[in-house]
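Single-structure report; data block below.
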Amino acid sequence: AVEDEDRLAVGATALFDIDPVAVTHVDHALIEGLDLRIEIGGCALLPCDPVHGVIIYGFAGTRYPESMMTDLNTIDPAEVAKFEAMAAEWWDPAGKFKPLHMMNPVRLDYISRQIAAEFGRDLSRPEPFAGLRLLDIGCGGGLLSEPMARLGATVVGADAAARNIPVARLHAEAQGLEIDYRHAPAEVLADTGEQFDVVLAMEIIEHVADPEGFMLTCKSLLKPGGLIVCSTLNRN
């Protein structure tokens, strides 16, 4: 839900193909009881403290030939073009991605708890996800990739929209984070034999042409015993 008097927020709902709903206050246990210490810019609605721990450095950025980016049946070119046009606004908490900035602390809390439960990690300790290799599919500007890296995971962020990648890389560099950002869809990573402990596919499945094929690809990217977290917006 977004405030219907906020022009930017209402405009952003077009990104998700949803209708704005006027709200004055949200009561939710995850919001009221948020205890995962994640510093997210532009989230004044929630009390946030910095993540603790030493940064884990990943790999240098990887590029793929354009020939590998074509004929992938889950990609929707119109959706890719839409995000390309908005790439520079990823880290503007008052811009077109305002809804993602608002919901990010809640979904980060959920994701982190699921990973911790699956792999027996203690979120109160520094670098609780150290040793885990994590893929953020449809990483955009890195709103999820950066917190996961701060929590110790070795992060690969992949996106089919080429203009998102330099935005994500520049922001991560400014934060002192080294994240392996790649201009590649999930199918390319699967074809090259990549494997991950955790695959995140957050608010991406609604933008692909073949959801079932996309999920099968995500499954193929998991190591045995791995975890996939997928979410999409409820448009009902």
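Each chain in the structure tokens gets a letter, A, B and so on, in the order shown; residues start at 1 in every chain, and ligands are counted from 1 in the order they appear.
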Determine, using only C-alpha atoms, which residues of stretch 94-179 of chain A have any atom at most 9 Å from an atom of stretch 192-198 of chain A, and tabulate each with its shortest atom pair and distance in Å to one decimal place, rows ordered by chain and then rising number, as CSV.
```
residue,atom,partner,partner_atom,distance
A:Ile115,CA,A:Val198,CA,7.7
A:Leu132,CA,A:Asp197,CA,5.9
A:Arg133,CA,A:Phe196,CA,5.2
A:Leu134,CA,A:Val198,CA,4.7
A:Leu135,CA,A:Val198,CA,6.2
A:Asp136,CA,A:Val198,CA,8.5
```
Could you dump the residues just selected with C-alpha atoms as an mmCIF file, in the first residue's frame?
```
data_model
loop_
_atom_site.group_PDB
_atom_site.id
_atom_site.type_symbol
_atom_site.label_atom_id
_atom_site.label_comp_id
_atom_site.auth_asym_id
_atom_site.auth_seq_id
_atom_site.Cartn_x
_atom_site.Cartn_y
_atom_site.Cartn_z
ATOM 1 C CA ILE A 115 18.543 -18.459 5.413
ATOM 2 C CA LEU A 132 27.354 -19.168 1.656
ATOM 3 C CA ARG A 133 27.215 -18.382 -2.053
ATOM 4 C CA LEU A 134 24.090 -16.385 -2.892
ATOM 5 C CA LEU A 135 22.515 -15.400 -6.211
ATOM 6 C CA ASP A 136 20.223 -12.370 -6.440
#
```
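The shell of residues at most 6 Å from A:Asp159, with only C-alpha atoms counted and near chain neighbours (fewer than 2 positions) removed, consists of Gly138, Cys139, Ala161, His183, Ala184 and Pro185 of chain A.
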Keeping only N, CA and C atoms, write the selected residues as a compact mmCIF listing (two decimals), in the first residue's frame.
```
# COMPACT_ATOMS: atom_id res chain seq x y z
N GLY A 138 17.66 -10.77 -10.92
CA GLY A 138 16.94 -9.52 -11.08
C GLY A 138 17.38 -8.53 -10.02
N CYS A 139 18.70 -8.39 -9.87
CA CYS A 139 19.25 -7.64 -8.74
C CYS A 139 18.99 -6.14 -8.83
N ALA A 161 18.73 -6.47 -17.52
CA ALA A 161 18.78 -5.08 -17.97
C ALA A 161 20.20 -4.56 -17.81
N HIS A 183 25.64 -8.82 -16.10
CA HIS A 183 24.53 -8.61 -17.05
C HIS A 183 24.21 -9.96 -17.68
N ALA A 184 23.31 -10.69 -17.04
CA ALA A 184 22.98 -12.04 -17.50
C ALA A 184 21.66 -12.47 -16.88
N PRO A 185 20.81 -13.15 -17.64
CA PRO A 185 19.62 -13.76 -17.05
C PRO A 185 19.96 -15.08 -16.38
```
Each stretch 121-155 of chain A residue no farther than 8 Å from stretch 165-168 of chain A, nearest pair in Å, only C-alpha atoms, as a Markdown table:
```
| residue | atom | partner | partner_atom | distance |
| --- | --- | --- | --- | --- |
| A:Gly140 | CA | A:Ala168 | CA | 7.0 |
| A:Gly141 | CA | A:Ala168 | CA | 4.3 |
| A:Gly142 | CA | A:Ala168 | CA | 5.3 |
```
For A:Glu118, please output as an mmCIF file with all heavy atoms, in the first residue's frame all residues within 12 Å (counting only C-alpha atoms; exclusion window: fewer than 2 positions along the same chain).
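The file below, out-v9.cif, is the result:
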```cif
data_model
loop_
_atom_site.group_PDB
_atom_site.id
_atom_site.type_symbol
_atom_site.label_atom_id
_atom_site.label_comp_id
_atom_site.auth_asym_id
_atom_site.auth_seq_id
_atom_site.Cartn_x
_atom_site.Cartn_y
_atom_site.Cartn_z
ATOM 1 N N ILE A 111 13.893 -12.841 4.589
ATOM 2 C CA ILE A 111 14.921 -13.594 3.870
ATOM 3 C C ILE A 111 16.020 -14.053 4.819
ATOM 4 O O ILE A 111 16.442 -15.219 4.808
ATOM 5 C CB ILE A 111 15.518 -12.738 2.740
ATOM 6 C CG1 ILE A 111 14.480 -12.486 1.650
ATOM 7 C CG2 ILE A 111 16.756 -13.412 2.144
ATOM 8 C CD1 ILE A 111 14.894 -11.401 0.657
ATOM 9 N N SER A 112 16.496 -13.151 5.652
ATOM 10 C CA SER A 112 17.603 -13.470 6.552
ATOM 11 C C SER A 112 17.219 -14.556 7.545
ATOM 12 O O SER A 112 18.015 -15.453 7.847
ATOM 13 C CB SER A 112 18.055 -12.209 7.291
ATOM 14 O OG SER A 112 18.517 -11.238 6.381
ATOM 15 N N ARG A 113 16.005 -14.486 8.052
ATOM 16 C CA ARG A 113 15.544 -15.517 8.992
ATOM 17 C C ARG A 113 15.434 -16.882 8.312
ATOM 18 O O ARG A 113 15.753 -17.918 8.916
ATOM 19 C CB ARG A 113 14.215 -15.111 9.617
ATOM 20 C CG ARG A 113 14.327 -13.933 10.580
ATOM 21 C CD ARG A 113 12.953 -13.556 11.139
ATOM 22 N NE ARG A 113 13.036 -12.359 11.959
ATOM 23 C CZ ARG A 113 13.384 -12.340 13.237
ATOM 24 N NH1 ARG A 113 13.705 -13.475 13.844
ATOM 25 N NH2 ARG A 113 13.431 -11.213 13.906
ATOM 26 N N GLN A 114 14.976 -16.903 7.068
ATOM 27 C CA GLN A 114 14.869 -18.174 6.346
ATOM 28 C C GLN A 114 16.242 -18.782 6.083
ATOM 29 O O GLN A 114 16.451 -19.991 6.254
ATOM 30 C CB GLN A 114 14.122 -17.964 5.023
ATOM 31 C CG GLN A 114 12.679 -17.537 5.162
ATOM 32 C CD GLN A 114 11.863 -18.506 5.987
ATOM 33 O OE1 GLN A 114 11.896 -19.730 5.740
ATOM 34 N NE2 GLN A 114 11.131 -17.996 6.966
ATOM 35 N N ILE A 115 17.189 -17.958 5.665
ATOM 36 C CA ILE A 115 18.543 -18.459 5.413
ATOM 37 C C ILE A 115 19.172 -18.958 6.712
ATOM 38 O O ILE A 115 19.788 -20.029 6.751
ATOM 39 C CB ILE A 115 19.411 -17.357 4.784
ATOM 40 C CG1 ILE A 115 18.866 -16.981 3.399
ATOM 41 C CG2 ILE A 115 20.873 -17.811 4.674
ATOM 42 C CD1 ILE A 115 19.556 -15.784 2.768
ATOM 43 N N ALA A 116 19.006 -18.187 7.785
ATOM 44 C CA ALA A 116 19.584 -18.578 9.074
ATOM 45 C C ALA A 116 19.005 -19.909 9.552
ATOM 46 O O ALA A 116 19.743 -20.772 10.057
ATOM 47 C CB ALA A 116 19.344 -17.481 10.105
ATOM 48 N N GLY A 120 21.395 -23.042 9.775
ATOM 49 C CA GLY A 120 21.824 -23.049 11.170
ATOM 50 C C GLY A 120 22.733 -21.897 11.528
ATOM 51 O O GLY A 120 23.731 -22.084 12.242
ATOM 52 N N ARG A 121 22.422 -20.700 11.064
ATOM 53 C CA ARG A 121 23.261 -19.529 11.307
ATOM 54 C C ARG A 121 22.651 -18.657 12.408
ATOM 55 O O ARG A 121 21.424 -18.541 12.526
ATOM 56 C CB ARG A 121 23.439 -18.714 10.031
ATOM 57 C CG ARG A 121 24.068 -19.506 8.872
ATOM 58 C CD ARG A 121 25.431 -20.100 9.273
ATOM 59 N NE ARG A 121 26.022 -20.920 8.241
ATOM 60 C CZ ARG A 121 26.904 -20.483 7.353
ATOM 61 N NH1 ARG A 121 27.276 -19.201 7.372
ATOM 62 N NH2 ARG A 121 27.401 -21.292 6.457
ATOM 63 N N ASP A 122 23.518 -18.031 13.177
ATOM 64 C CA ASP A 122 23.112 -17.166 14.284
ATOM 65 C C ASP A 122 23.202 -15.717 13.821
ATOM 66 O O ASP A 122 24.292 -15.179 13.616
ATOM 67 C CB ASP A 122 24.033 -17.401 15.486
ATOM 68 C CG ASP A 122 23.642 -16.563 16.700
ATOM 69 O OD1 ASP A 122 22.725 -15.730 16.597
ATOM 70 O OD2 ASP A 122 24.280 -16.752 17.762
ATOM 71 N N PHE A 129 26.362 -15.162 7.448
ATOM 72 C CA PHE A 129 26.210 -15.926 6.208
ATOM 73 C C PHE A 129 27.553 -16.205 5.530
ATOM 74 O O PHE A 129 27.585 -16.570 4.349
ATOM 75 C CB PHE A 129 25.289 -15.186 5.235
ATOM 76 C CG PHE A 129 23.881 -15.017 5.742
ATOM 77 C CD1 PHE A 129 23.047 -14.060 5.183
ATOM 78 C CD2 PHE A 129 23.382 -15.797 6.772
ATOM 79 C CE1 PHE A 129 21.747 -13.893 5.651
ATOM 80 C CE2 PHE A 129 22.095 -15.642 7.254
ATOM 81 C CZ PHE A 129 21.273 -14.681 6.686
ATOM 82 N N LEU A 132 28.497 -18.885 2.519
ATOM 83 C CA LEU A 132 27.354 -19.168 1.656
ATOM 84 C C LEU A 132 27.481 -18.382 0.359
ATOM 85 O O LEU A 132 27.779 -17.190 0.366
ATOM 86 C CB LEU A 132 26.046 -18.802 2.351
ATOM 87 C CG LEU A 132 25.681 -19.592 3.601
ATOM 88 C CD1 LEU A 132 24.361 -19.084 4.182
ATOM 89 C CD2 LEU A 132 25.591 -21.090 3.306
ATOM 90 N N ASP A 197 24.247 -21.738 -2.875
ATOM 91 C CA ASP A 197 23.554 -22.201 -1.673
ATOM 92 C C ASP A 197 22.172 -21.568 -1.569
ATOM 93 O O ASP A 197 21.225 -22.216 -1.092
ATOM 94 C CB ASP A 197 24.367 -21.832 -0.430
ATOM 95 C CG ASP A 197 25.742 -22.467 -0.426
ATOM 96 O OD1 ASP A 197 25.812 -23.699 -0.281
ATOM 97 O OD2 ASP A 197 26.734 -21.725 -0.587
ATOM 98 N N VAL A 198 22.067 -20.311 -1.977
ATOM 99 C CA VAL A 198 20.808 -19.559 -1.870
ATOM 100 C C VAL A 198 20.545 -18.842 -3.187
ATOM 101 O O VAL A 198 21.452 -18.227 -3.758
ATOM 102 C CB VAL A 198 20.875 -18.515 -0.734
ATOM 103 C CG1 VAL A 198 19.554 -17.745 -0.638
ATOM 104 C CG2 VAL A 198 21.208 -19.171 0.594
ATOM 105 N N GLY A 225 20.553 -29.357 -1.273
ATOM 106 C CA GLY A 225 20.247 -28.813 0.037
ATOM 107 C C GLY A 225 20.158 -27.300 0.067
ATOM 108 O O GLY A 225 20.076 -26.705 1.136
ATOM 109 N N GLY A 226 20.160 -26.676 -1.124
ATOM 110 C CA GLY A 226 20.096 -25.218 -1.196
ATOM 111 C C GLY A 226 18.705 -24.678 -0.937
ATOM 112 O O GLY A 226 17.732 -25.412 -0.816
ATOM 113 N N LEU A 227 18.624 -23.361 -0.872
ATOM 114 C CA LEU A 227 17.378 -22.669 -0.541
ATOM 115 C C LEU A 227 17.061 -21.633 -1.606
ATOM 116 O O LEU A 227 17.929 -20.852 -1.994
ATOM 117 C CB LEU A 227 17.518 -21.972 0.817
ATOM 118 C CG LEU A 227 16.364 -21.046 1.249
ATOM 119 C CD1 LEU A 227 15.122 -21.861 1.575
ATOM 120 C CD2 LEU A 227 16.793 -20.197 2.439
ATOM 121 N N ILE A 228 15.823 -21.630 -2.076
ATOM 122 C CA ILE A 228 15.357 -20.574 -2.961
ATOM 123 C C ILE A 228 14.257 -19.794 -2.249
ATOM 124 O O ILE A 228 13.375 -20.390 -1.622
ATOM 125 C CB ILE A 228 14.850 -21.112 -4.319
ATOM 126 C CG1 ILE A 228 14.383 -19.951 -5.208
ATOM 127 C CG2 ILE A 228 13.743 -22.134 -4.138
ATOM 128 C CD1 ILE A 228 14.115 -20.366 -6.635
ATOM 129 N N VAL A 229 14.348 -18.475 -2.320
ATOM 130 C CA VAL A 229 13.296 -17.609 -1.778
ATOM 131 C C VAL A 229 12.744 -16.798 -2.940
ATOM 132 O O VAL A 229 13.477 -16.062 -3.597
ATOM 133 C CB VAL A 229 13.841 -16.664 -0.682
ATOM 134 C CG1 VAL A 229 12.693 -15.830 -0.105
ATOM 135 C CG2 VAL A 229 14.532 -17.445 0.417
#
```
Separation of atom CA of A:His207 from atom CA of A:Trp91 in Å: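 Those two atoms sit 20.4 Å apart.
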